[in-house]
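Student: Pasting data33.cif here (mmCIF, C-alpha atoms and all ligand atoms):
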data_work
#
loop_
_atom_site.label_atom_id
_atom_site.label_comp_id
_atom_site.auth_asym_id
_atom_site.auth_seq_id
_atom_site.Cartn_x
_atom_site.Cartn_y
_atom_site.Cartn_z
CA MET L 3 74.55 101.68 117.97
CA THR L 4 73.73 98.84 115.57
CA ASN L 5 72.18 98.72 112.11
CA ALA L 6 68.92 97.66 113.69
CA ASP L 7 68.99 100.69 115.99
CA ILE L 8 69.05 103.01 113.02
CA GLY L 9 66.54 100.91 111.18
CA ALA L 10 68.77 99.44 108.49
CA THR L 11 69.07 95.71 108.79
CA SER L 12 70.83 93.80 106.02
CA ARG L 13 68.67 92.93 103.04
CA ALA L 14 71.28 90.69 101.42
CA HIS L 15 68.93 87.74 101.29
CA ALA L 16 66.16 89.83 99.77
CA THR L 17 68.26 90.92 96.78
CA PRO L 18 66.35 89.75 93.73
CA ARG L 19 67.79 87.60 90.98
CA PHE L 20 67.14 88.37 87.34
CA GLU L 21 67.63 85.34 85.12
CA ASP L 22 68.23 87.40 81.99
CA LEU L 23 71.41 88.80 83.57
CA ALA L 24 73.01 85.34 83.66
CA GLY L 25 75.98 85.10 81.32
CA ARG L 26 76.16 88.87 80.80
CA THR L 27 79.42 90.72 81.33
CA ALA L 28 79.33 93.76 83.58
CA VAL L 29 81.86 96.42 84.46
CA VAL L 30 81.27 98.16 87.78
CA THR L 31 83.35 101.28 88.41
CA GLY L 32 83.70 101.92 92.12
CA GLY L 33 83.01 98.23 92.66
CA SER L 34 85.79 97.86 95.19
CA ARG L 35 83.77 99.19 98.14
CA GLY L 36 80.38 100.08 99.55
CA ILE L 37 77.44 100.26 97.17
CA GLY L 38 79.52 99.16 94.19
CA ALA L 39 80.84 96.07 95.97
CA ALA L 40 77.33 95.04 97.07
CA THR L 41 76.12 95.48 93.50
CA CYS L 42 78.95 93.30 92.18
CA LEU L 43 77.84 90.55 94.54
CA ALA L 44 74.20 90.92 93.50
CA LEU L 45 75.13 90.79 89.81
CA ALA L 46 77.18 87.65 90.41
CA ARG L 47 74.26 86.04 92.27
CA SER L 48 72.19 86.58 89.11
CA GLY L 49 74.91 84.83 87.11
CA ALA L 50 76.61 87.84 85.54
CA ARG L 51 80.40 87.97 85.40
CA VAL L 52 81.79 91.13 86.87
CA ALA L 53 84.84 93.26 86.09
CA ILE L 54 85.38 95.17 89.30
CA ASN L 55 86.97 98.60 89.16
CA GLY L 56 88.56 100.73 91.86
CA ARG L 57 91.89 102.32 92.66
CA ASP L 58 92.93 100.73 95.94
CA PRO L 59 94.45 97.29 95.17
CA ASP L 60 93.56 95.84 98.58
CA ALA L 61 89.90 96.90 98.42
CA LEU L 62 89.74 95.63 94.85
CA ALA L 63 91.18 92.25 95.78
CA ALA L 64 88.72 91.94 98.69
CA SER L 65 85.73 92.68 96.46
CA VAL L 66 86.88 90.18 93.82
CA ALA L 67 87.42 87.59 96.56
CA ALA L 68 83.93 88.19 97.98
CA VAL L 69 82.31 87.56 94.58
CA ARG L 70 84.37 84.43 94.01
CA ALA L 71 83.60 83.18 97.52
CA ALA L 72 79.91 83.49 96.66
CA GLY L 73 80.49 81.28 93.59
CA GLY L 74 80.58 84.16 91.10
CA GLU L 75 83.02 85.10 88.35
CA ALA L 76 85.02 88.29 88.81
CA ILE L 77 88.22 89.98 87.70
CA ALA L 78 89.91 93.09 89.00
CA ALA L 79 89.90 96.04 86.60
CA PRO L 80 91.99 98.72 88.30
CA ALA L 81 91.88 102.28 86.99
CA ASP L 82 91.43 105.84 88.12
CA CYS L 83 88.27 106.64 86.17
CA ALA L 84 89.12 110.34 86.17
CA ASP L 85 91.99 109.47 83.81
CA LEU L 86 90.80 108.65 80.28
CA ALA L 87 93.92 106.71 79.33
CA GLN L 88 93.49 104.46 82.37
CA VAL L 89 89.83 103.83 81.55
CA GLU L 90 90.75 102.89 77.98
CA ARG L 91 93.42 100.55 79.32
CA MET L 92 90.84 99.02 81.66
CA ARG L 93 88.51 98.38 78.71
CA ARG L 94 91.30 96.59 76.82
CA HIS L 95 92.13 94.55 79.94
CA ILE L 96 88.50 93.41 80.31
CA GLY L 97 88.27 92.75 76.56
CA GLU L 98 91.28 90.44 76.69
CA HIS L 99 89.52 88.35 79.34
CA TRP L 100 85.90 88.38 78.27
CA GLY L 101 85.40 90.46 75.12
CA ALA L 102 82.91 93.33 75.05
CA VAL L 103 80.79 94.17 78.07
CA ASP L 104 76.96 94.15 78.08
CA LEU L 105 76.33 96.14 81.26
CA VAL L 106 78.11 99.32 82.35
CA LEU L 107 77.69 100.56 85.91
CA ALA L 108 79.42 103.92 86.37
CA PHE L 109 79.29 104.04 90.18
CA ALA L 110 82.74 105.46 91.00
CA GLY L 111 82.65 108.63 93.03
CA GLY L 112 81.76 110.00 96.39
CA GLY L 113 81.55 113.16 98.36
CA THR L 114 84.30 114.53 100.52
CA GLY L 115 83.99 117.06 103.29
CA ARG L 116 81.13 119.04 104.73
CA PRO L 117 79.08 121.74 103.01
CA MET L 118 80.74 125.15 103.24
CA PRO L 119 80.22 128.67 101.92
CA LEU L 120 80.90 128.76 98.19
CA GLN L 121 83.72 131.27 98.49
CA ASP L 122 85.57 128.90 100.82
CA ILE L 123 85.58 125.94 98.42
CA SER L 124 89.13 125.48 97.19
CA GLU L 125 89.92 125.01 93.52
CA GLN L 126 91.38 121.63 94.38
CA ASP L 127 88.20 120.42 96.14
CA TRP L 128 86.01 121.70 93.31
CA ARG L 129 88.07 119.96 90.62
CA SER L 130 88.27 116.78 92.67
CA SER L 131 84.45 116.62 93.06
CA LEU L 132 83.91 117.17 89.35
CA ASP L 133 86.72 114.81 88.29
CA ASN L 134 85.78 111.89 90.53
CA ASN L 135 82.02 112.07 90.01
CA LEU L 136 81.16 113.68 86.67
CA THR L 137 84.26 113.42 84.51
CA SER L 138 84.87 109.84 85.64
CA THR L 139 81.31 108.97 84.58
CA PHE L 140 81.77 110.68 81.22
CA PHE L 141 85.05 108.84 80.57
CA THR L 142 83.47 105.50 81.50
CA LEU L 143 80.45 105.99 79.23
CA LYS L 144 82.56 107.35 76.37
CA THR L 145 84.92 104.38 76.54
CA PHE L 146 82.43 101.50 76.83
CA LEU L 147 79.56 102.88 74.75
CA PRO L 148 80.93 101.98 71.28
CA ASP L 149 80.88 98.24 72.12
CA LEU L 150 77.24 98.41 73.22
CA LEU L 151 76.18 100.46 70.20
CA ALA L 152 78.03 98.13 67.82
CA ARG L 153 75.97 95.20 69.05
CA GLY L 154 72.75 97.19 69.39
CA ARG L 155 72.08 96.07 72.96
CA GLY L 156 73.10 96.64 76.53
CA ALA L 157 72.28 98.73 79.53
CA ILE L 158 74.09 101.52 81.32
CA LEU L 159 73.55 102.74 84.85
CA THR L 160 74.99 105.90 86.37
CA MET L 161 75.20 106.98 90.01
CA ALA L 162 73.82 110.32 91.21
CA SER L 163 72.90 111.28 94.77
CA ALA L 164 70.23 113.07 96.74
CA GLY L 165 72.90 115.78 96.86
CA GLY L 166 72.34 116.27 93.13
CA ARG L 167 68.58 116.58 93.60
CA VAL L 168 68.29 118.86 96.63
CA ALA L 169 70.49 121.86 97.49
CA ALA L 170 71.04 120.89 101.12
CA GLY L 171 73.27 118.58 103.11
CA ALA L 172 76.01 117.96 100.53
CA PRO L 173 79.00 120.04 99.41
CA ALA L 174 78.11 122.24 96.42
CA GLY L 175 80.75 120.73 94.13
CA TYR L 176 79.51 117.22 94.82
CA GLY L 177 75.88 118.29 94.29
CA ALA L 178 76.73 120.06 91.04
CA ALA L 179 78.69 117.03 89.80
CA LYS L 180 75.84 114.62 90.59
CA ALA L 181 73.26 116.91 88.97
CA GLY L 182 75.56 116.81 85.95
CA VAL L 183 75.51 113.02 86.02
CA ILE L 184 71.70 113.11 85.83
CA MET L 185 71.73 115.34 82.76
CA LEU L 186 74.54 113.37 81.13
CA THR L 187 72.42 110.26 81.61
CA ARG L 188 69.43 111.88 79.88
CA HIS L 189 71.54 113.04 76.96
CA LEU L 190 72.96 109.60 76.41
CA ALA L 191 69.58 107.89 76.88
CA GLN L 192 68.16 110.07 74.11
CA GLU L 193 71.09 109.29 71.83
CA ALA L 194 71.46 105.57 72.50
CA GLY L 195 67.80 104.53 72.86
CA PRO L 196 67.15 104.25 69.12
CA ARG L 197 70.26 102.05 68.91
CA GLY L 198 69.07 99.52 71.48
CA VAL L 199 70.95 100.73 74.53
CA ARG L 200 69.13 101.89 77.68
CA VAL L 201 70.68 104.40 80.07
CA ASN L 202 69.33 105.08 83.56
CA CYS L 203 70.52 106.61 86.80
CA ILE L 204 70.13 105.83 90.49
CA SER L 205 69.99 108.61 93.05
CA PRO L 206 70.40 107.29 96.61
CA SER L 207 69.95 109.19 99.82
CA ALA L 208 71.98 108.19 102.89
CA VAL L 209 73.24 104.62 102.57
CA LEU L 210 75.11 102.87 105.37
CA THR L 211 78.53 102.06 104.00
CA GLU L 212 81.89 102.01 105.78
CA ARG L 213 82.50 105.52 104.47
CA THR L 214 79.18 106.81 105.81
CA ARG L 215 79.92 105.28 109.19
CA ALA L 216 83.40 106.80 109.20
CA ASN L 217 82.03 110.26 108.35
CA LEU L 218 78.97 110.32 110.62
CA SER L 219 78.62 109.32 114.27
CA PRO L 220 75.84 106.89 115.27
CA GLU L 221 74.09 109.84 116.94
CA GLN L 222 74.25 111.88 113.71
CA LEU L 223 72.89 108.93 111.75
CA ALA L 224 70.06 108.44 114.25
CA ARG L 225 69.13 112.12 114.04
CA MET L 226 68.58 111.69 110.28
CA LEU L 227 65.91 109.02 110.72
CA PRO L 228 62.82 111.24 111.03
CA GLY L 229 63.56 112.58 107.52
CA PHE L 230 62.90 109.16 106.02
CA PRO L 231 59.20 108.25 105.63
CA LEU L 232 60.18 104.57 105.52
CA GLY L 233 61.86 104.92 108.91
CA ARG L 234 65.35 103.69 108.17
CA LEU L 235 68.54 104.53 106.33
CA GLY L 236 69.48 102.66 103.16
CA THR L 237 71.72 99.65 102.79
CA PRO L 238 74.04 98.90 99.87
CA GLU L 239 71.72 95.99 99.07
CA ASP L 240 68.78 98.40 98.64
CA ILE L 241 70.74 100.13 95.89
CA ALA L 242 71.92 96.86 94.36
CA ALA L 243 68.32 95.62 94.08
CA ALA L 244 67.28 98.76 92.20
CA ALA L 245 70.37 98.51 90.01
CA LEU L 246 69.61 94.95 88.96
CA PHE L 247 66.05 95.90 88.01
CA LEU L 248 67.26 98.81 85.87
CA LEU L 249 69.83 96.61 84.14
CA SER L 250 67.55 93.66 83.50
CA ASP L 251 64.99 93.21 80.76
CA ALA L 252 62.34 93.70 83.47
CA SER L 253 62.84 97.42 82.81
CA SER L 254 63.02 97.12 79.03
CA TRP L 255 60.71 100.13 78.47
CA ILE L 256 62.55 102.40 80.89
CA THR L 257 65.33 104.73 79.81
CA GLY L 258 66.50 108.22 80.79
CA VAL L 259 65.09 107.79 84.28
CA THR L 260 66.68 108.82 87.57
CA LEU L 261 65.34 106.54 90.27
CA ASP L 262 65.42 107.98 93.80
CA VAL L 263 66.27 105.07 96.08
CA ALA L 264 65.87 107.14 99.17
CA GLY L 265 63.46 105.70 101.72
CA GLY L 266 60.86 108.21 100.56
CA ARG L 267 63.04 111.21 101.39
CA ILE L 268 62.06 112.92 98.16
CA MET L 269 59.07 115.03 99.19
CA LEU L 270 60.34 118.47 100.12
N1 LIG L 301 76.76 106.08 100.58
C1 LIG L 301 75.85 107.00 100.33
O1 LIG L 301 75.14 107.43 101.25
C2 LIG L 301 75.66 107.52 98.93
C3 LIG L 301 74.54 108.34 98.71
C4 LIG L 301 74.33 108.84 97.42
C5 LIG L 301 75.21 108.53 96.40
N2 LIG L 301 76.30 107.75 96.66
C6 LIG L 301 77.19 107.46 95.54
O2 LIG L 301 77.35 106.08 95.39
C7 LIG L 301 78.66 105.77 94.90
C8 LIG L 301 79.33 104.80 95.84
O3 LIG L 301 79.36 105.40 97.12
P1 LIG L 301 79.76 104.58 98.44
O4 LIG L 301 79.09 105.24 99.55
O5 LIG L 301 79.61 103.13 98.19
O6 LIG L 301 81.29 105.04 98.51
P2 LIG L 301 82.63 104.29 98.94
O7 LIG L 301 82.34 103.17 99.85
O8 LIG L 301 83.54 105.38 99.37
O9 LIG L 301 83.15 103.71 97.55
C9 LIG L 301 83.50 104.56 96.51
C10 LIG L 301 83.99 103.72 95.38
O10 LIG L 301 84.30 104.56 94.26
C11 LIG L 301 85.64 104.32 93.88
N3 LIG L 301 86.19 105.54 93.29
C12 LIG L 301 86.07 106.81 93.71
N4 LIG L 301 86.70 107.63 92.85
C13 LIG L 301 87.22 106.85 91.87
C14 LIG L 301 87.97 107.09 90.71
N5 LIG L 301 88.35 108.33 90.36
N6 LIG L 301 88.32 106.04 89.92
C15 LIG L 301 87.97 104.77 90.25
N7 LIG L 301 87.26 104.48 91.36
C16 LIG L 301 86.89 105.51 92.15
C17 LIG L 301 86.35 103.85 95.14
O11 LIG L 301 87.48 103.11 94.78
P3 LIG L 301 88.84 103.08 95.65
O12 LIG L 301 88.48 103.36 97.07
O13 LIG L 301 89.36 101.70 95.41
O14 LIG L 301 89.69 104.12 95.05
C18 LIG L 301 85.26 102.97 95.73
O15 LIG L 301 85.21 101.70 95.11
C19 LIG L 301 79.37 107.12 94.76
O16 LIG L 301 79.27 107.58 93.43
C20 LIG L 301 78.60 108.01 95.71
O17 LIG L 301 78.68 109.38 95.35
C21 LIG L 301 76.54 107.24 97.90
#
Show me this structure written as structure tokens.
Ligand SMILES: NC(=O)c1ccc[n+]([C@@H]2O[C@H](COP(=O)([O-])OP(=O)(O)OC[C@H]3O[C@@H](n4cnc5c(N)ncnc54)[C@H](OP(=O)(O)O)[C@@H]3O)[C@@H](O)[C@H]2O)c1

Tutor:
Amino acid sequence: MTNADIGATSRAHATPRFEDLAGRTAVVTGGSRGIGAATCLALARSGARVAINGRDPDALAASVAAVRAAGGEAIAAPADCADLAQVERMRRHIGEHWGAVDLVLAFAGGGTGRPMPLQDISEQDWRSSLDNNLTSTFFTLKTFLPDLLARGRGAILTMASAGGRVAAGAPAGYGAAKAGVIMLTRHLAQEAGPRGVRVNCISPSAVLTERTRANLSPEQLARMLPGFPLGRLGTPEDIAAAALFLLSDASSWITGVTLDVAGGRIML
């Protein structure tokens, strides 16, 4: 079964460019794969330079190479974002190359496993969901925020999920962590808005990444289609396009928002 069969053809060429992003420095956590990697490419196509974060050195190197192959500027910024000391070290590493960042994309995370009865969720799975999705986001914002506040400008984007909006389809720990990301975003937007920094969140529904394909069979993916009013699943480029808008000055009067990039699958 191909992308076209499940309604998601590549939108790479339709990804918009925002001229005001040219020359800006971005850090993208979880930029080594999937949605994050596509967003790194889109940022580079708008002329931003991109510090790409992830944990797996091979995936990180591939994402950096893809940006450079497209004529963009990128460096690898390895760190486990659930470890504050590593995030602080990453910030120093980026600073040594390019100075302070202007754009912070806290995209690292992901769901593992299938939904299960609450009493069966292990302590390890619970902590892992919270660490990799919510705590990692908190550590990233905490670490990079002072530079943005000091200069009185910049934009931050966090990554939620439909699993944090609707109590169905995702493991409870993942859903709770992503709902936490949404509220963390609002708190920071309230705090940082008066100081010139905007903070928004993207909440995707099912997006076709390598991970999604590994976790769901083509038949399972096809069965999901009727739930999407727009008749297809998402692509990483769909999310990247929304991300660029929320980072650019085109959205200069938008903060504290969670944008559902979900093919219309938001009406219960
Ligand atoms: N795909 C979807 O359908 C979908 C839907 C809603 C929300 N999302 C969210 O979108 C984001 C990206 O998802 P994806 O589907 O593109 O996933 P993916 O292909 O599995 O990529 C996940 C990325 O996050 C990184 N990551 C995870 N935990 C990390 C940590 N503790 N420290 C540093 N990096 C970490 C991974 O890096 P390494 O592999 O290098 O460690 C990788 O770059 C996630 O936050 C996910 O929850 C995805």

Student: Considering only C-alpha atoms and all ligand atoms, can you say which of L:Glu212, L:Asp262, L:Asp149, L:Asp122 comes closest to ligand LIG 301 (chain L)?

Tutor: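 Under the stated criterion, the closest residue is L:Glu212.
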
Student: Compute the set of protein, DNA and RNA residues whose minimum atom distance to ligand LIG 301 (chain L) is at most 8 Å, using all atoms listed in the file, and state it as a JSON list (two decimals) with C-alpha atoms, in the frame of the given file.

Tutor:
[["chain", "number", "residue", "atom", "x", "y", "z"],
["L", 31, "THR", "CA", 83.35, 101.28, 88.41],
["L", 32, "GLY", "CA", 83.70, 101.92, 92.12],
["L", 33, "GLY", "CA", 83.01, 98.23, 92.66],
["L", 34, "SER", "CA", 85.79, 97.86, 95.19],
["L", 35, "ARG", "CA", 83.77, 99.19, 98.14],
["L", 36, "GLY", "CA", 80.38, 100.08, 99.55],
["L", 37, "ILE", "CA", 77.44, 100.26, 97.17],
["L", 38, "GLY", "CA", 79.52, 99.16, 94.19],
["L", 39, "ALA", "CA", 80.84, 96.07, 95.97],
["L", 55, "ASN", "CA", 86.97, 98.60, 89.16],
["L", 56, "GLY", "CA", 88.56, 100.73, 91.86],
["L", 57, "ARG", "CA", 91.89, 102.32, 92.66],
["L", 58, "ASP", "CA", 92.93, 100.73, 95.94],
["L", 59, "PRO", "CA", 94.45, 97.29, 95.17],
["L", 60, "ASP", "CA", 93.56, 95.84, 98.58],
["L", 61, "ALA", "CA", 89.90, 96.90, 98.42],
["L", 62, "LEU", "CA", 89.74, 95.63, 94.85],
["L", 80, "PRO", "CA", 91.99, 98.72, 88.30],
["L", 81, "ALA", "CA", 91.88, 102.28, 86.99],
["L", 82, "ASP", "CA", 91.43, 105.84, 88.12],
["L", 83, "CYS", "CA", 88.27, 106.64, 86.17],
["L", 84, "ALA", "CA", 89.12, 110.34, 86.17],
["L", 85, "ASP", "CA", 91.99, 109.47, 83.81],
["L", 108, "ALA", "CA", 79.42, 103.92, 86.37],
["L", 109, "PHE", "CA", 79.29, 104.04, 90.18],
["L", 110, "ALA", "CA", 82.74, 105.46, 91.00],
["L", 111, "GLY", "CA", 82.65, 108.63, 93.03],
["L", 112, "GLY", "CA", 81.76, 110.00, 96.39],
["L", 113, "GLY", "CA", 81.55, 113.16, 98.36],
["L", 133, "ASP", "CA", 86.72, 114.81, 88.29],
["L", 134, "ASN", "CA", 85.78, 111.89, 90.53],
["L", 135, "ASN", "CA", 82.02, 112.07, 90.01],
["L", 138, "SER", "CA", 84.87, 109.84, 85.64],
["L", 161, "MET", "CA", 75.20, 106.98, 90.01],
["L", 162, "ALA", "CA", 73.82, 110.32, 91.21],
["L", 163, "SER", "CA", 72.90, 111.28, 94.77],
["L", 164, "ALA", "CA", 70.23, 113.07, 96.74],
["L", 165, "GLY", "CA", 72.90, 115.78, 96.86],
["L", 176, "TYR", "CA", 79.51, 117.22, 94.82],
["L", 180, "LYS", "CA", 75.84, 114.62, 90.59],
["L", 205, "SER", "CA", 69.99, 108.61, 93.05],
["L", 206, "PRO", "CA", 70.40, 107.29, 96.61],
["L", 207, "SER", "CA", 69.95, 109.19, 99.82],
["L", 208, "ALA", "CA", 71.98, 108.19, 102.89],
["L", 209, "VAL", "CA", 73.24, 104.62, 102.57],
["L", 210, "LEU", "CA", 75.11, 102.87, 105.37],
["L", 211, "THR", "CA", 78.53, 102.06, 104.00],
["L", 212, "GLU", "CA", 81.89, 102.01, 105.78],
["L", 213, "ARG", "CA", 82.50, 105.52, 104.47],
["L", 214, "THR", "CA", 79.18, 106.81, 105.81],
["L", 236, "GLY", "CA", 69.48, 102.66, 103.16],
["L", 238, "PRO", "CA", 74.04, 98.90, 99.87]]

Student: Hey, what's within 6 Å of Asn202 of chain L if we count only C-alpha atoms and toss same-chain stuff fewer than 3 positions away? As JSON, numbers by chain, please?

Tutor: {"L": [159, 257, 258, 259]}

Student: Between atom CA of Pro18 of chain L and atom CA of Gly233 of chain L, what distance in Å does the model show, to one decimal?

Tutor: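 Interatomic distance here is 21.9 Å.
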
Student: Would you tabulate, counting all atoms listed in the file, all residues of segment 232-270 of chain L that have an atom at most 12 Å from an atom of segment 101-105 of chain L, showing the closest pair of atoms and their distance in Å to one decimal, sorted by chain then ascending number, as a tab-separated table?

Tutor:
residue	atom	partner	partner_atom	distance
L:Ala245	CA	L:Leu105	CA	10.8
L:Leu246	CA	L:Leu105	CA	10.3
L:Leu248	CA	L:Leu105	CA	10.5
L:Leu249	CA	L:Leu105	CA	7.1
L:Ser250	CA	L:Leu105	CA	9.4
L:Asp251	CA	L:Leu105	CA	11.7

Student: So, with all atoms listed in the file as the atoms that count, which of L:Cys203, L:Leu227, L:Ala174, L:Leu136 lies closest to Ser124 of chain L?

Tutor: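 Checking each candidate against Ser124 of chain L, we get L:Ala174 as the closest.
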
Student: Rank L:Ser253, L:Ser131, L:Gln126, L:Thr114 by their smallest atom-to-atom distance to Ala181 of chain L, using all atoms listed in the file, and report the top residue only.

Tutor: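 For Ala181 of chain L, the nearest of the given residues is L:Ser131.
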
Student: Edge lengths and centre in Å to one decimal, as lines of an AutoDock Vina configuration file, is what I'm after for the box along x, y and z that holds all listed atoms of segment 87-93 of chain L once 6 Å is added on each side.

Tutor:
center_x = 91.2
center_y = 102.5
center_z = 80.2
size_x = 17.4
size_y = 20.3
size_z = 16.4

Student: Can you list, as a compact mmCIF listing (two decimals) with C-alpha atoms, in the coordinates of the input, every protein, DNA or RNA residue that comes within 12 Å of Arg153 of chain L when you count all atoms listed in the file, leaving out same-chain residues fewer than 5 positions away?

Tutor:
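Just written: selection.txt:
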# COMPACT_ATOMS: atom_id res chain seq x y z
CA ALA L 102 82.91 93.33 75.05
CA VAL L 103 80.79 94.17 78.07
CA ASP L 104 76.96 94.15 78.08
CA PHE L 146 82.43 101.50 76.83
CA LEU L 147 79.56 102.88 74.75
CA PRO L 148 80.93 101.98 71.28
CA ALA L 194 71.46 105.57 72.50
CA ARG L 197 70.26 102.05 68.91
CA GLY L 198 69.07 99.52 71.48
CA VAL L 199 70.95 100.73 74.53

Student: To one decimal in Å, tell me the separation between atom CA of Ala46 of chain L and atom CA of Ala78 of chain L.

Tutor: 13.9 Å

Student: Please compute the atom CA of Ala152 of chain L-atom CA of Arg200 of chain L distance, one decimal, in Å.

Tutor: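 If I compute the distance from atom CA of Ala152 of chain L to atom CA of Arg200 of chain L, I get 13.8 Å.
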
Student: Within 9 Å of Ala244 of chain L, counting all atoms listed in the file, which residues show up once you throw out same-chain ones fewer than 5 positions away? Write them as number ranges by chain, please.

Tutor: L: 204, 239, 249, 261, 263

Student: Using C-alpha atoms, can you write the selected residues to a file as a PDB file, in the frame of the given file?

Tutor:
ATOM      1  CA  ILE L 204      70.130 105.830  90.490  1.00  0.00           C
ATOM      2  CA  GLU L 239      71.720  95.990  99.070  1.00  0.00           C
ATOM      3  CA  LEU L 249      69.830  96.610  84.140  1.00  0.00           C
ATOM      4  CA  LEU L 261      65.340 106.540  90.270  1.00  0.00           C
ATOM      5  CA  VAL L 263      66.270 105.070  96.080  1.00  0.00           C
TER       6      VAL L 263
END

Student: If we count all atoms listed in the file and set the cut-off at 7 Å, which residues sit around Leu23 of chain L, ignoring sequence neighbours fewer than 4 positions away in its own chain? Please answer as a PyMOL selection string.

Tutor: chain L and resi 48-50+250
